[in-house]
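I have placed the structure first, in the form of structure tokens, so that the comments after it can refer back to it.
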Amino acid sequence: MSEYILEMKNISKEFTGVKALTDVSFKVEKGEIHCLIGENGAGKSTLMKVLSGVYPHGTYIGDIVFEGGVQQFGRISDSVKAGIAIIYQELALFPDLTVYENIYAGNEVKRGGVIDWNQTIVQAKQMLEKVGLDVNPEVLIKDLGVGKQQLVEIAKALSKNVKLLILDEPTAALNENDSENLLELLRELKKQGITCIMISHKLKEVISIADRATVIRDGRTICTLDGSKGEITENSIIKNMVGREIDDIYPKRPNKKFGDKILELNNWSAYDAQLGRHVVKNVDFHVKQGEIVGIAGLMGSGRTELALSIFGNPKSYKLQGDLFVDGMPAKFHHTSDAIKAGIAYVTEDRKGDGLFLAQDIKSNVVAANLKGISKNGVINDNEEVKIANEYKTSMHVKAPSVEQIVGKLSGGNQQKVSIGKWLFVGPKLLILDEPTRGIDVGAKFEIYTIMNQLISEGMSIIMISSELGEVLGMSDRVYVMAEGAMKGELPIEEATQENIMQLATQ
Amino acid sequence: MNLFNEAKSLVKVNIRDYGMYIALFVIMLTFTIMTDGLFMSSRNISNLLDATGYIAVLAVGMTLVIVIREIDLSVGFAAGFMGAIAAILMTQMGVPVYITIPVILVLGVLAGLLNGALVAKIGIPSFVASLALMLIFRGALLQVTEKTGTINVNDDFFNAIGNGFIPSLGEVAGLHVLSLILGLLCIVFYIYSEITQRANKKKYQFDVMSTGLFIVKLIFISAIIAYITWILAGYNGFSWTVIIMLGVVALYHFLTTKTVLGRHIYAVGSNPEAAHLTGINVKKITYIVFGSMGMLSALSGILFTARMQSASTTAGTLFELDAIAAAYVGGVSSAGGVGKVTGAIIGAIVMASLSSGMNLLGVGVSYQYMIRGGVLAAAVIFDVMTRKKRG
């Protein structure tokens with residue numbers, strides 16, 4: 001009945017002895033939205049790289065049949081020519097170029113070898129219309145939000161007459177509003193006959209948009225679920241992804257006991273001179289000992305900025321208001337002051353400003369507390385390896401040894417190293433900024449378990465998160481931020497997805 | 001057979017680190033064969049190392065500058081200018097040498113801190129900041145030497161830094177005794193530190209190299225030290241330049257590999273934002289690295305002036321590029337966070353060996369530049385390739 005636009009038959013791919021894909025078969029029907037699901041490291045990205053020619057024909061085993069013909073892509077441009085476009089999680093746009101220059105970058109509108117800029121702008125406008133993006137094509141990319149940048153990427157793909165559009169976690173960096181818009185656009189494109197493969201970790205999205213969904217685990221196809229038969233449910237996906245059923249991904253914490261306020265902010269504001277506006281406005285906030293405080297809000301609502309303004313103010317905001325640590329007024333001139341006061345901050349962007357990717361696990365683990373392994377400024381290498389091994393074990397970091405370069409680890413393992421680094425400092429208050437972004441369900445569960453363990457040892461946690469399920473599942477108290485201000489404080493019993501979203505979008 | 005396999009995997013894992021040692025060996029062997037052994041003669045090796053000294057100390061500092069993703073173009077003329085000031089202090093103002101040297105080193109640190117301030121405090125790209133300082137130092141060098149032209153230095157103690165050798169304490173079979181003793185001490189110290197390190201690792205129950213390979217390694221490195229000592233002892237023994245150079249490398253090697261300061265430098269180079277969020281004072285590290293670069297520039301100026309026994313109007317020309325080339329040949333990465341000071345010194349010796357060997361063979365200067373350029377490119381290509389392989 002239905003015709004396949006793409007069939008990947010018995011694909012196997014090996015990296016120097018490690019099997020990344022084993023006999024994977026993957027079929028996509030024409031005109032459907034097909035979700036590709038799996039834990040990090042399951043092989044989704046590898047499969048898409050095989051498809052797009054990043055790994056050229058000959059480096060893998062198996063056949064790719066696209067539009068009825070066996071394809072042998074030798075390079076990425078071959079797959080683009082065939083009508084396949086991939087949009088990666090990290091957008092490939094030029095921030096200092098305009099929207100129209102970006103849409104036609106590498107695919108310039110030429111007349112006799114010379115670029116026709118006027119024609120380019122006209123065509124760019126049509127593409128923007130197609131994706132429903134109402135911006136002037138002459139605006140610079142860096143002046144657009146992430147959500148709009150994503151749409152420009154799609155416009156770029158459409159300009160190349162794409163037949164099969166592949167999106168790698170398109171909504172990972174988007175807020176709920178932008179995500180919903182994006183999904184709406186995908187449904188629209190589907191009506192226009194464009195087939196779409198979407199890789200996603202957000203199960204709700206998958207359930208709402210997928211016609212069919214294929215689950216990959218450990219480099220093998222596990223199953224393909226059909227939405228029209230009602231097979232795509234949260235339970236069925238999770239079960240197939242992890243190979244086990246998780247009754248509750250948020251582990252319960254018995255006997256909650258809260259102590260005194262360990263951190264308090266009164267009328268706290270932060271002014272960003274570069275942006276020329278307040279990023280944090282008149283915030284009142286506190287954390288008690290033994291508490292997990294969730295901070296919800298949309299992206300750009302000032303949550304990260306609030307954390308940074310507490311954590312030694314590395315962005316040099318102009319600060320106003322009072323900060324109390326253990327009831328005493330405190331002032332931090334540098335991140336090192338905040339660390340000394342017992343505060344640790346695990347950044348939301350672990351690759352960008354959290355880890356030393358080119359260094360090994362052990363160097364990363366001890367980086368924030370070199371004093372702990374040294375005497376008179378001289379480091380004890382053996383002590384370092386010992387400590388790193390301890391954290392590798394206690395944090396369940398999956399790596400052959402502590403000499404493994406951190407850049408080679410999966411997202412979840414990187415996050416564990418990132419947290420381990422701060423635990424070695426021995427903080428009283430741990431600020432986790434999007435602790436589970438971009439990591440798979442299994443690793444998420446492990447991180448939640450670690451959080452509970454830390455609380456039981458007397459630590460306190462501030463958890464900044466865009467995932468409402470996580471905020472509701474883990475927090476003892478929830479703050480909601482929007483536009484730099486605290487819009488509300490909810491005891492966990494009263495917090496629901498609805499009232500949080502209501503406050504966040506005020 | 002097992003021993004061989006272990007050694008093979010050791011080389012495979014550390015190919016990046018061993019690559020330049022192998023390259024140096026190949027270069028030296030080639031020249032030795034082509035010059036019928038003249039290249040490895042005591043006299044030539046002694047001269048080669050002395051001629052490397054003032055570039056090698058710059059290369060050590062430059063490695064750290066490049067590790068923190070910066071560059072310092074001012075080091076050449078800073079060295080020239082500091083050397084001239086040293087000459088003026090001693091010859092025209094009658095300042096004794098034991099005061100002159102520390103004063104010049106402190107001046108060097110101040111010049112480096114100025115560079116650091118432009119970069120860390122004001123936020124000028126280091127390429128531009130140090131280019132500006134390079135022009136300023138060049139002008140300053142001309143200014144102070146304009147009236148007198150070349151300033152001759154007659155202080156024997158000072159000139160010995162660039163030309164003299166450590167006292168001999170007698171000779172045995174034509175060999176320099178104190179140098180032999182120093183070489184022996186080096187070997188003893190090396191073996192002792194390797195054995196204690198191994199014992200320490202065992203105490204922590206970590207994996208160690210098999211005993212067989214460990215002994216092979218000890219003998220191998222000891223033999224190299226012994227051979228170099230023997231060669232140098234056959235001429236005039238260790239020169240003061242070589243002693244200073246080894247001292248600088250030993251100090252910086254210790255600082256970069258064993259101390260908190262060293263870790264912080266590499267952390268800043270690896271990811272400045274993450275370093276800041278880890279509680280490391282990035283600006284302070286920038287100041288320290290540029291300050292150390294300034295001090296080493298001053299030391300380079302002292303070595304060069306002492307070697308020439310004079311300060312000239314053009315002293316220091318292109319030192320910075322030689323130092324940068326040596327650092328890159330030595331395996332530093334412009335992406336930041338990677339590079340060893342021991343590599344820098346090997347890089348400097350590789351470049352000096354090329355010049356020396358080609359001079360012996362009578363290769364024209366024009367070809368010498370091209371070949372050295374080719375070697376620099378090859379070194380970086382090798383670096384990129386091995387990294388890709390690991391990546």
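To be explicit about the labels: the chains of the structure tokens are called A, B, and onward in the order shown, and within each one the residues are counted from 1, while ligands get numbers from 1 in the order they are shown.
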
Find the spatial neighbours of stretch 268-277 of chain B, counting only C-alpha atoms, within a cut-off of 9 Å - ignore same-chain residues fewer than 4 positions away - and output them as a PyMOL selection string. (chain A and resi 311-312+314+334-336+345-347+350-359+367-368) or (chain B and resi 64+66-70+263-264+281-282+285-286+335-338)

B:Tyr18 environment, 12 Å, only C-alpha atoms, sequence neighbours closer than 5 positions dropped, as a list in words: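 Near B:Tyr18, the qualifying residues are Leu10, Val11, Lys12, Val13, Ala23, Leu24, Phe25, Gly330, Gly331, Lys340, Thr342, Gly343, Ile346, Phe382, Asp383 and Thr386 of chain B.
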
DSSP strand (DSSP E) selection over stretch 217-270 of chain A, as a ChimeraX atom specification: /A:217,220-226,261-270

Output for the residues just chosen: all heavy atoms as a short mmCIF file (atom, residue, chain, number, x, y, z; two decimals), in the first residue's frame:
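The result, written out as selection31.cif:
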```cif
data_model
loop_
_atom_site.label_atom_id
_atom_site.label_comp_id
_atom_site.auth_asym_id
_atom_site.auth_seq_id
_atom_site.Cartn_x
_atom_site.Cartn_y
_atom_site.Cartn_z
N ARG A 217 18.64 0.35 19.91
CA ARG A 217 19.34 0.15 21.18
C ARG A 217 20.61 -0.62 20.91
O ARG A 217 20.60 -1.62 20.19
CB ARG A 217 18.44 -0.62 22.15
CG ARG A 217 19.02 -0.75 23.53
CD ARG A 217 18.01 -1.28 24.51
NE ARG A 217 17.89 -2.73 24.43
CZ ARG A 217 16.74 -3.39 24.43
NH1 ARG A 217 15.61 -2.73 24.47
NH2 ARG A 217 16.72 -4.70 24.37
N ARG A 220 21.36 -1.76 17.37
CA ARG A 220 20.45 -2.66 16.66
C ARG A 220 19.06 -2.06 16.61
O ARG A 220 18.67 -1.32 17.52
CB ARG A 220 20.35 -4.00 17.40
CG ARG A 220 21.60 -4.82 17.37
CD ARG A 220 21.50 -5.93 18.40
NE ARG A 220 22.82 -6.47 18.67
CZ ARG A 220 23.35 -7.47 17.96
NH1 ARG A 220 22.68 -8.01 16.98
NH2 ARG A 220 24.56 -7.90 18.23
N THR A 221 18.30 -2.41 15.57
CA THR A 221 16.91 -1.97 15.53
C THR A 221 16.13 -2.84 16.50
O THR A 221 16.20 -4.07 16.42
CB THR A 221 16.31 -2.17 14.12
OG1 THR A 221 17.36 -2.01 13.18
CG2 THR A 221 15.22 -1.19 13.85
N ILE A 222 15.40 -2.24 17.39
CA ILE A 222 14.62 -3.02 18.35
C ILE A 222 13.21 -3.25 17.80
O ILE A 222 12.72 -4.37 17.77
CB ILE A 222 14.55 -2.31 19.72
CG1 ILE A 222 15.95 -2.15 20.28
CG2 ILE A 222 13.66 -3.07 20.68
CD1 ILE A 222 16.73 -3.44 20.44
N CYS A 223 12.56 -2.17 17.36
CA CYS A 223 11.24 -2.33 16.80
C CYS A 223 10.81 -1.05 16.11
O CYS A 223 11.42 -0.01 16.30
CB CYS A 223 10.22 -2.65 17.90
SG CYS A 223 10.08 -1.30 19.07
N THR A 224 9.79 -1.14 15.29
CA THR A 224 9.18 0.06 14.74
C THR A 224 7.73 0.09 15.22
O THR A 224 6.98 -0.86 15.03
CB THR A 224 9.24 0.04 13.20
OG1 THR A 224 10.62 0.08 12.83
CG2 THR A 224 8.54 1.24 12.62
N LEU A 225 7.39 1.19 15.88
CA LEU A 225 6.05 1.33 16.45
C LEU A 225 5.19 2.13 15.48
O LEU A 225 5.67 3.09 14.87
CB LEU A 225 6.12 2.06 17.79
CG LEU A 225 7.05 1.44 18.84
CD1 LEU A 225 7.28 2.41 19.99
CD2 LEU A 225 6.48 0.13 19.35
N ASP A 226 3.92 1.75 15.37
CA ASP A 226 3.03 2.43 14.45
C ASP A 226 2.02 3.27 15.22
O ASP A 226 1.27 2.75 16.04
CB ASP A 226 2.31 1.38 13.59
CG ASP A 226 1.64 2.04 12.40
OD1 ASP A 226 1.29 3.23 12.52
OD2 ASP A 226 1.51 1.37 11.36
N LYS A 261 18.08 28.24 56.60
CA LYS A 261 18.36 28.77 55.28
C LYS A 261 19.87 28.83 55.07
O LYS A 261 20.58 29.43 55.88
CB LYS A 261 17.81 30.20 55.15
CG LYS A 261 16.30 30.26 55.09
CD LYS A 261 15.83 31.70 54.99
CE LYS A 261 14.31 31.76 55.08
NZ LYS A 261 13.81 33.14 55.12
N ILE A 262 20.34 28.21 54.01
CA ILE A 262 21.78 28.31 53.78
C ILE A 262 22.11 29.38 52.75
O ILE A 262 23.22 29.88 52.70
CB ILE A 262 22.42 26.96 53.37
CG1 ILE A 262 21.90 26.50 52.01
CG2 ILE A 262 22.19 25.89 54.40
CD1 ILE A 262 22.89 25.56 51.40
N LEU A 263 21.12 29.73 51.94
CA LEU A 263 21.34 30.81 50.98
C LEU A 263 20.07 31.65 50.92
O LEU A 263 18.97 31.13 50.90
CB LEU A 263 21.64 30.25 49.59
CG LEU A 263 21.86 31.32 48.52
CD1 LEU A 263 23.33 31.68 48.42
CD2 LEU A 263 21.34 30.88 47.16
N GLU A 264 20.27 32.96 50.93
CA GLU A 264 19.10 33.83 50.83
C GLU A 264 19.44 35.05 49.99
O GLU A 264 20.53 35.63 50.11
CB GLU A 264 18.65 34.27 52.22
CG GLU A 264 17.35 35.03 52.19
CD GLU A 264 16.74 35.23 53.57
OE1 GLU A 264 17.42 34.94 54.57
OE2 GLU A 264 15.60 35.70 53.63
N LEU A 265 18.51 35.43 49.12
CA LEU A 265 18.68 36.64 48.31
C LEU A 265 17.54 37.58 48.64
O LEU A 265 16.39 37.17 48.71
CB LEU A 265 18.61 36.31 46.82
CG LEU A 265 19.65 35.38 46.23
CD1 LEU A 265 19.32 35.10 44.78
CD2 LEU A 265 21.04 35.99 46.35
N ASN A 266 17.89 38.87 48.87
CA ASN A 266 16.85 39.87 49.09
C ASN A 266 16.95 40.95 48.04
O ASN A 266 18.00 41.58 47.89
CB ASN A 266 17.01 40.52 50.48
CG ASN A 266 16.46 39.61 51.56
OD1 ASN A 266 15.59 38.79 51.29
ND2 ASN A 266 17.00 39.75 52.76
N ASN A 267 15.86 41.14 47.32
CA ASN A 267 15.79 42.22 46.34
C ASN A 267 17.02 42.21 45.44
O ASN A 267 17.66 43.23 45.23
CB ASN A 267 15.69 43.56 47.10
CG ASN A 267 15.00 44.59 46.25
OD1 ASN A 267 14.46 44.27 45.18
ND2 ASN A 267 15.06 45.83 46.69
N TRP A 268 17.35 41.07 44.92
CA TRP A 268 18.61 40.83 44.19
C TRP A 268 18.42 41.15 42.70
O TRP A 268 17.51 40.64 42.07
CB TRP A 268 18.99 39.36 44.39
CG TRP A 268 20.28 38.93 43.79
CD1 TRP A 268 20.44 38.21 42.64
CD2 TRP A 268 21.59 39.13 44.32
NE1 TRP A 268 21.77 37.95 42.43
CE2 TRP A 268 22.50 38.51 43.45
CE3 TRP A 268 22.09 39.78 45.45
CZ2 TRP A 268 23.87 38.51 43.66
CZ3 TRP A 268 23.45 39.78 45.66
CH2 TRP A 268 24.32 39.15 44.78
N SER A 269 19.29 42.02 42.18
CA SER A 269 19.19 42.37 40.76
C SER A 269 20.56 42.29 40.11
O SER A 269 21.58 42.48 40.76
CB SER A 269 18.67 43.80 40.58
OG SER A 269 17.37 43.91 41.10
N ALA A 270 20.56 41.97 38.81
CA ALA A 270 21.81 41.93 38.07
C ALA A 270 21.60 42.66 36.75
O ALA A 270 20.63 42.40 36.03
CB ALA A 270 22.23 40.48 37.82
#
```

Could you go through stretch 52-260 of chain A and tell me which residues DSSP, when run on the backbone, assigns to helix (DSSP H, G or I), listing them as a ChimeraX atom specification? /A:52,76-82,99-103,117-130,141-143,146-159,176-191,203-209,227-229,234-242

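Between atom CA of B:Ala323 and atom CA of B:Leu58 the separation is 5.7 Å.
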